[in-house]
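Report on the structure given below.
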Amino acid sequence: MARTIIYVHGTWADAASKCKMGLYPGTTAEGDALKAMVTAECGGSTSVNLLGFCWSGDANYAARKEAGDILAPHIEVHSGNELVFVTHSHGGNVLGHALEQLKTTQVQAVYLFACPIMTGQGKAWWTKGRKSVTHLHTFSTPNDSVQVTGAFSKNSTDSTASGQLNYSVGHEIDGVTDISLQSTSTFNAPHGWMHSEEAYKQAAKKLA
């Protein structure tokens, strides 16, 4: 069976300013590493199609929810293939919102890199979305100021069109064991390193 891998970028990604919201052919330099990582856990496939989902990248709940609403029907369209998602940062919460809307579609695997999992009012990962995924993994790296060291701050604010939304965040989903990766010293920002070729290669070794 053919496999479709969809990458969802995080907040303030460069791609967000260059495209309309939707799916595009994947052209990331890390594409081969992504495919190898998925193969390490899910095995080979007759063919692999790499796509990217572009959204506004705005740092608020409303933007992530809107993006999830638009992503959901795209997931249904590709339901005939082995469907895999790789996300970075808040792209994982965009995906969480989308999966909550699925009716019968099953997702083979989801890999959430450096995703600050919402556990308060901005929560994106609920029971329904979790159950639609066969293999679900979260990945973190020490000293990631976005996902890990700031992960348990309470009553942070997230701007929305209607004002401020209070929430708390964590970096794990119930029932999912977080996998720790070690960023290299050549990267000043561990959070950004989490969508690099090296991060995907480390993840592949952990999943094999």
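In the structure tokens, chains take the letters A, B, ... in the order shown, each chain's residues start at 1, and ligands count up from 1 in the order shown.
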
Checklist entry - Hey, what's within 7 Å of segment 66-68 of chain A if we count only C-alpha atoms and toss same-chain stuff fewer than 3 positions away? As a PyMOL selection string, please? => result chain A and resi 55+62-63+71-72+94-95+97-98

Which polymer residues have any atom within 6 Å of an atom of segment 119-136 of chain A, counting only C-alpha atoms, with same-chain residues fewer than 4 positions away left out, as a compact mmCIF listing (two decimals) with C-alpha atoms, in the first residue's frame?
```txt
# COMPACT_ATOMS: atom_id res chain seq x y z
CA ASN A 93 -1.65 20.94 18.27
CA GLY A 96 -4.69 17.35 17.38
CA HIS A 97 -7.59 19.65 16.52
CA LEU A 99 -7.93 14.44 14.42
CA GLU A 100 -10.76 15.24 16.81
CA GLN A 106 -7.27 5.74 11.06
CA VAL A 107 -3.78 7.26 11.08
CA GLN A 108 -0.89 4.81 11.02
CA ALA A 109 1.58 6.96 12.94
CA VAL A 110 2.08 10.43 14.42
CA TYR A 167 -3.89 27.72 29.73
CA SER A 168 -1.28 25.38 31.11
CA VAL A 169 0.96 23.17 28.99
```

Item to check | Test item, strand (DSSP E or B) assignment across segment 43-166 of chain A, answer as a ChimeraX atom specification | outcome: /A:48-54,82-88,107-113,117-118,133-140,156-160,163-166

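Minimum atom-to-atom distances from A:Val176, A:Val48, A:Val8, A:Ala204 to Glu82 of chain A were compared using only C-alpha atoms, and the lowest value belongs to A:Val48.
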
Item to check | Selected residue of minimal separation from Ala33 of chain A among A:Tyr200, A:Ser56, A:Val84, A:Ala208, counting only C-alpha atoms | outcome: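 That would be A:Tyr200, the residue with the smallest distance to Ala33 of chain A.
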
Checklist entry - From the set A:Pro190, A:Gly92, A:Gly175, A:Gly44, which residue has the shortest atom-to-atom contact distance to Arg64 of chain A, counting only C-alpha atoms? => result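 Under the stated criterion, the closest residue is A:Gly92.
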
Checklist entry - Expressed in Å to a single decimal, how great is the separation between atom CA of Cys42 of chain A and atom CA of Asp144 of chain A? => result 27.8 Å

Checklist entry - If you count only C-alpha atoms, which residues fall within 7 Å of Thr105 of chain A, apart from same-chain ones fewer than 2 positions away, as a list in words? => result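 Here the answer would be Glu76, Ser79, Leu102, Lys103 and Val107 of chain A.
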
Item to check | All alpha helix (DSSP H) positions in segment 72-110 of chain A, as number ranges by chain | outcome: A: 72-77, 91-99

Checklist entry - Taking only C-alpha atoms into account, which of A:Gln101, A:Ser45, A:Thr39, A:Gln202 comes nearest Met1 of chain A? => result A:Ser45

Item to check | Test item: residues at most 12 Å from Thr4 of chain A, only C-alpha atoms, excluding those fewer than 2 positions along its chain, as a PyMOL selection string | outcome: chain A and resi 1-2+6-7+23+25-26+34-35+38+45-52+74-75+77-86+107-110
